[in-house]
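Trainee: Pasting a structure here, questions to come.
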2 protein chains.
Amino acid sequence: VSWRSTRATGQAGEDVRQVAVIDLGSNSWRLVVYMFIPGDWWKLTDEIYETVRIGAGLAETGRLGDAAMGRGLETLAVFEHFLAAHGLGPDAVHAVATSAIRDAANGEMFLKAARAASGLNIEVISDEDEARFGYVAAINSSTMTDGIVLETGGGSIQVIEVADRHAKSLQSFPLGAVRMTEQFLPGSGPARKRDIQRLRAHVRDALSELPALAAGGDRIVGMGGAVRNLAAAAQRMTDQPDIGVQGFVITREMLADLVQTLAALPVADRGEVPGIKVGRGDIILASAIVIETVVELGGFAGIEVTEASLRDGVFIARELLADAPEPLFDDVRVAGVRNLAIQYESDLPHVEHVALLSLQMFDSLAAGGLFEPEPGERELLWAAAMLHDVGMTISYDDHHKHSYYLIVSAELPGFDPRERALIAQITRYHRKGTAKLGELAALTHAGDEDLLDRCSVILRLAEHLERGRDQSVREARLRANGHGVDLHLEAGGDLTLPRWSVERYGDGEAFQRVFGRRLLIG
Amino acid sequence: VSWRSTRATGQAGEDVRQVAVIDLGSNSWRLVVYMFIPGDWWKLTDEIYETVRIGAGLAETGRLGDAAMGRGLETLAVFEHFLAAHGLGPDAVHAVATSAIRDAANGEMFLKAARAASGLNIEVISDEDEARFGYVAAINSSTMTDGIVLETGGGSIQVIEVADRHAKSLQSFPLGAVRMTEQFLPGSGPARKRDIQRLRAHVRDALSELPALAAGGDRIVGMGGAVRNLAAAAQRMTDQPDIGVQGFVITREMLADLVQTLAALPVADRGEVPGIKVGRGDIILASAIVIETVVELGGFAGIEVTEASLRDGVFIARELLADAPEPLFDDVRVAGVRNLAIQYESDLPHVEHVALLSLQMFDSLAAGGLFEPEPGERELLWAAAMLHDVGMTISYDDHHKHSYYLIVSAELPGFDPRERALIAQITRYHRKGTAKLGELAALTHAGDEDLLDRCSVILRLAEHLERGRDQSVREARLRANGHGVDLHLEAGGDLTLPRWSVERYGDGEAFQRVFGRRLLIG
């Protein structure tokens, strides 16, 4: 029996590729490496960064300073050696420079020196392209179809109006955190009320011409280091279990608390607030105030966080989906779940069939009035079925526990922390045990314990019906029969193993506890 | 850039193979599947079992009972379908029957029926072969070179005398747990003192002729489900963090406590003792008494546990090391660490070079009298360096935390729980943070916090010197220079990236705290 890694060669036998994206931002410069098969799966595999602050002093002088340019050239030398060491040639590198370099009077001169010294083909992207890459990253990591994408950087912020998943307008405003800090929050002590009010007024003025924001809408997605840091800080302030910030909503109340907390501290202490990175402490208050003002202007209840970045947008548009008609996943959740399943080398025909059988049983139970599904429950069951085996990459023993760990550790775009917690817990109990919300309970709603119970019992049945990983059960339906529920199977192959497995391990006791009826295996 | 999985094709481009081993024991029947490249790496990827109790009643009648044979044939039908569903043909299956079937008067007759019904080529192995496979499994998962291997089964136990890693004598005794329970512990209530004493006397008598045991020795390694269950129970009784039982020593005191605890309970409650599996509850007391008596007779302080099994012995001897002159890893620790690194697709030239640089710095610091290594410290640093990147398989972000999780979750043969905890924590702190023993502190000794500090600081330096993964630093030595320590580098390539990385992230502050001197990067 020969078994080949789906990861190494892809479903169609294609080779895995590697590319680097370099983002020369106003605050930090970052080089990230992606491994991927076009249109199939992707993974970030390496990252180095330096807080270059190329935009320091720009607000005052309109020029890049000598010290900043020196730091920039040194950092480019390091990046160049990193690329060479990793065998990444010019064709496999996208280097983009944004706001600060674009806007500085001596930006073009610096770039000439930088290109000559590093041999890198650095591209200055327009403010519209900067906004567009941000939009691509955000829209491919959120289920939002209509609303606003806000991207916060050191030099500028981008505001994109999204309608039916397309960018309707893209605008850039010079309201970045380094710039706003220099202009409005110059001191080193706690921030003065007056300075904060002046900054707010400046943001309101600058954005007053933006009809998209004034029209409001349901949702706003935020991206960038500042948004991620503020989300992490909000999670800790509210004592939530740490399962990452992807999909987390920072409410207006949380933003107000964060501004108040940060403003009361001397600048040097702001990087010590749990969730805020030390290197960002001196500009985080300006970010928080800008974000808060945007959320207020648009009348949003809060801002959804995505961990995706401008770099991801460049990677998706130029590489991963370069051959697609548009750089959009058909379905963000499907793409994210499938990406994780492939990364962990799941047997795709098996997990897809477990998902199919799970949904057949779920639908037939619901159609028979045997339970009332919660909104979104069906999709969580589907995701858990697709991901139930990812832990096998660690070891067969306890692979249900490992699946839990891997799902909790993943970003899983398109799902919020509650949904990720539930998917992880459903897989955790796909083999045995009485399902519990456990340490993630604080993320869930009333009724989620029952949802978890139902989905884990159904997934357990499906897994045992597909024990041979050979799709020998073609169809499985559950139908009320007197005080019991009949399990109807349609055979696509021999049923000895599925019957034994479901009788021996399918856990009829749990079924009875959860659905109140005996399971009858026909 | 094309990147191919080392797992899928092996270092030499060989294809991955898959085989099944079926173990028809007296108590349970088990089918396990291994994925492997001969002589290179291996992994258990699937397992099904049934508590067939084929040996039930054998002690009394000398024959397999009708009900037991019926259960056996049903289970074989399931196994056969499992193999077919997984595409495992006759060449890829090793099915072995042990004590109960071997010893029963009607064993051969049952096997004929079983072979005819299932089409499986079931092989009855002699008691000497049974002992030999157990020895192969144990010696390849422990660092013991001289001592005793004890294998406990449902029908028999095997005692193997080991000298210089070779089996000097192999003996089988009909002292298995199902058999001893039927013969000496027939009731369903708490065990009677007199029955326990009779069982002890019986074991002593049976083993009195065994010079190897009387001669004693330093170490005894135990294998089998009973040993694993008793170790898990002992770990919980002593409130140790759960990091698996591989390498754990059940002391004589713990064995005495376990016998006392189990004997005081009615039979039906023994499977509820934390660590003991429900299906084993009715025979676990007999196992505990037999093991305790063997340990006493040999004058051992305790018995080391291995998670390896007879099945692993069959797999190693017949498949993984079938082409080697002897079925022995050259070095158990090296084989186990390398296996894990390959499973998680580490970049082997990189991790091996990080290990080399770590040991160069460790040795030069020790030679300069800058610290006094603990016994075994050097090997733990080596193992941590080899495994520091396994978490990259999960994600680049937080890969140090993921490496910790993966190492704690692995069996890692040849290391005990304290050593596995330290290796995991050294990798946990190979990027940043102040090293802490954390929740695994209860497994460690006095002085281990300092060991962890030293090793994580050295590993961090080595990792940053090898940031390009290109072996551009050929040699790194640390030598005292006044109140500081010079880092001497010998270049094998350009040093721009390693120097930047070690200055930016090497954490000179931690070095000074741990070694009491400033780090000077030359």
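Scheme for the structure tokens: letters A, B, ... for chains in order shown; per-chain residue numbers from 1; ligand numbers from 1 in order shown.
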As a PyMOL selection string, could you give me every residue of chain A near chain B (at most 8 Å apart, counting only C-alpha atoms)?
Mentor: chain A and resi 1-5+7-9+15-18+43-47+77-79+81-82+85-88+392+394-396+406+410+467-470+494+496-497+500
Trainee: Could you pull the residues within 8 Å of Arg53 in chain A, counting only C-alpha atoms, minus those fewer than 5 positions along the same chain, as a PDB file with N, CA and C atoms, in the first residue's frame?
Mentor:
```pdb
ATOM      1  N   SER A  26       4.480  51.698   7.452  1.00  0.00           N
ATOM      2  CA  SER A  26       5.000  52.912   8.095  1.00  0.00           C
ATOM      3  C   SER A  26       5.567  52.598   9.471  1.00  0.00           C
ATOM      4  N   ASN A  27       4.993  51.591  10.139  1.00  0.00           N
ATOM      5  CA  ASN A  27       5.444  51.224  11.474  1.00  0.00           C
ATOM      6  C   ASN A  27       6.420  50.055  11.418  1.00  0.00           C
ATOM      7  N   SER A  28       5.954  48.871  11.004  1.00  0.00           N
ATOM      8  CA  SER A  28       6.838  47.704  10.982  1.00  0.00           C
ATOM      9  C   SER A  28       7.023  47.181   9.564  1.00  0.00           C
ATOM     10  N   ALA A  68      15.806  56.813  10.132  1.00  0.00           N
ATOM     11  CA  ALA A  68      14.792  55.846   9.697  1.00  0.00           C
ATOM     12  C   ALA A  68      15.256  55.133   8.426  1.00  0.00           C
TER      13      ALA A  68
END
```
Trainee: What lies within 7 Å of Gln246 in chain B using only C-alpha atoms, ignoring chain neighbours under 6 positions off, as JSON, numbers by chain?
Mentor: {"B": [305, 306, 307, 411, 413, 416]}
Trainee: Which neighbours of Ala59 in chain A fall inside 10 Å, counting only C-alpha atoms, when residues of the same chain fewer than 6 positions from it are skipped, and could you give them as a list of chain:residue names?
Mentor: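 Surrounding residues, per the criterion: A:Ala100, A:Ala104, A:Gly155, A:Pro174, A:Val178, A:Arg179, A:Met180, A:Thr181, A:Glu182, A:Gln183.
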Trainee: Residues at most 9 Å from Ala324 in chain A, counting only C-alpha atoms, excluding those fewer than 4 positions away in the same chain, as a list in words?
Mentor: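 Here the qualifying residues turn out to be Gly39, Leu320 and Leu328 of chain A.
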Trainee: For the atom pair CA of Leu185 in chain B and CA of Ala56 in chain B, what is the interatomic distance in Å to one decimal place?
Mentor: 14.0 Å
Trainee: Extract, using only C-alpha atoms, all DNA, RNA and protein residues at most 12 Å from Ala367 in chain B, discarding same-chain residues fewer than 6 positions from it, and format them as a ChimeraX atom specification.
Mentor: /B:359-361,373,477-480
Trainee: Those residues you just picked out, can you put them in a file as a compact mmCIF listing (two decimals), in the first residue's frame with all heavy atoms?
Mentor:
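Saved to result-v4.txt:
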```
# COMPACT_ATOMS: atom_id res chain seq x y z
N LEU B 359 25.14 22.09 21.28
CA LEU B 359 26.10 21.28 22.04
C LEU B 359 27.49 21.92 22.03
O LEU B 359 28.22 21.85 23.03
CB LEU B 359 26.15 19.85 21.50
CG LEU B 359 24.83 19.06 21.66
CD1 LEU B 359 25.01 17.63 21.14
CD2 LEU B 359 24.36 19.04 23.12
N GLN B 360 27.86 22.58 20.93
CA GLN B 360 29.15 23.29 20.91
C GLN B 360 29.16 24.39 21.98
O GLN B 360 30.13 24.54 22.72
CB GLN B 360 29.39 23.92 19.53
CG GLN B 360 29.74 22.90 18.46
CD GLN B 360 29.73 23.51 17.06
OE1 GLN B 360 29.28 24.63 16.84
NE2 GLN B 360 30.26 22.75 16.08
N MET B 361 28.06 25.12 22.09
CA MET B 361 28.02 26.20 23.09
C MET B 361 27.96 25.62 24.51
O MET B 361 28.61 26.12 25.42
CB MET B 361 26.85 27.13 22.79
CG MET B 361 27.09 27.96 21.53
SD MET B 361 25.84 29.24 21.24
CE MET B 361 24.53 28.28 20.51
N PRO B 373 27.19 21.03 34.59
CA PRO B 373 26.01 20.34 34.04
C PRO B 373 25.45 19.29 35.00
O PRO B 373 26.21 18.65 35.73
CB PRO B 373 26.54 19.66 32.78
CG PRO B 373 27.89 20.24 32.52
CD PRO B 373 28.41 20.74 33.83
N ARG B 477 31.15 28.88 19.68
CA ARG B 477 31.74 28.56 20.99
C ARG B 477 31.56 29.76 21.92
O ARG B 477 31.59 30.91 21.45
CB ARG B 477 33.24 28.27 20.87
CG ARG B 477 33.62 27.23 19.85
CD ARG B 477 33.51 25.82 20.41
NE ARG B 477 33.73 24.85 19.35
CZ ARG B 477 33.48 23.55 19.48
NH1 ARG B 477 33.02 23.05 20.62
NH2 ARG B 477 33.69 22.73 18.48
N LEU B 478 31.41 29.48 23.19
CA LEU B 478 31.28 30.54 24.18
C LEU B 478 32.47 30.48 25.12
O LEU B 478 32.72 29.44 25.75
CB LEU B 478 29.97 30.37 24.96
CG LEU B 478 28.70 30.65 24.14
CD1 LEU B 478 27.47 30.08 24.83
CD2 LEU B 478 28.53 32.15 23.90
N ARG B 479 33.22 31.58 25.21
CA ARG B 479 34.42 31.58 26.05
C ARG B 479 34.45 32.80 26.95
O ARG B 479 34.16 33.91 26.52
CB ARG B 479 35.68 31.58 25.17
CG ARG B 479 35.81 30.33 24.32
CD ARG B 479 37.23 30.10 23.81
NE ARG B 479 37.20 29.00 22.85
CZ ARG B 479 37.18 29.17 21.53
NH1 ARG B 479 37.20 30.37 21.01
NH2 ARG B 479 37.15 28.12 20.72
N ALA B 480 34.83 32.57 28.20
CA ALA B 480 34.89 33.67 29.17
C ALA B 480 35.88 34.72 28.68
O ALA B 480 36.93 34.40 28.12
CB ALA B 480 35.33 33.13 30.54
```
Trainee: Taking 3 positions as the minimum chain separation for residues in the same chain, which residues sit within 9 Å of Gly298 in chain B when counting only C-alpha atoms? Answer as an NGL selection string.
Mentor: :B and (148 or 212-217 or 220 or 293-295)
Trainee: Once DSSP has gone over the backbone, tell me which residues of range 290-509 of chain B are in strand (DSSP E or B), as a PyMOL selection string.
Mentor: chain B and resi 302-305+473-481+484-491
Trainee: From the set A:Thr434, A:Ser364, A:Ser358, A:Gln235, which residue has the shortest atom-to-atom contact distance to Leu459 in chain A, counting only C-alpha atoms?
Mentor: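 Counting only C-alpha atoms, the residue closest to Leu459 in chain A is A:Ser358.
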Trainee: Could you jot down the CA of Gln260 in chain A to CA of Ile160 in chain A separation for me, Å, one decimal place?
Mentor: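 Here the two named atoms are 27.8 Å from each other.
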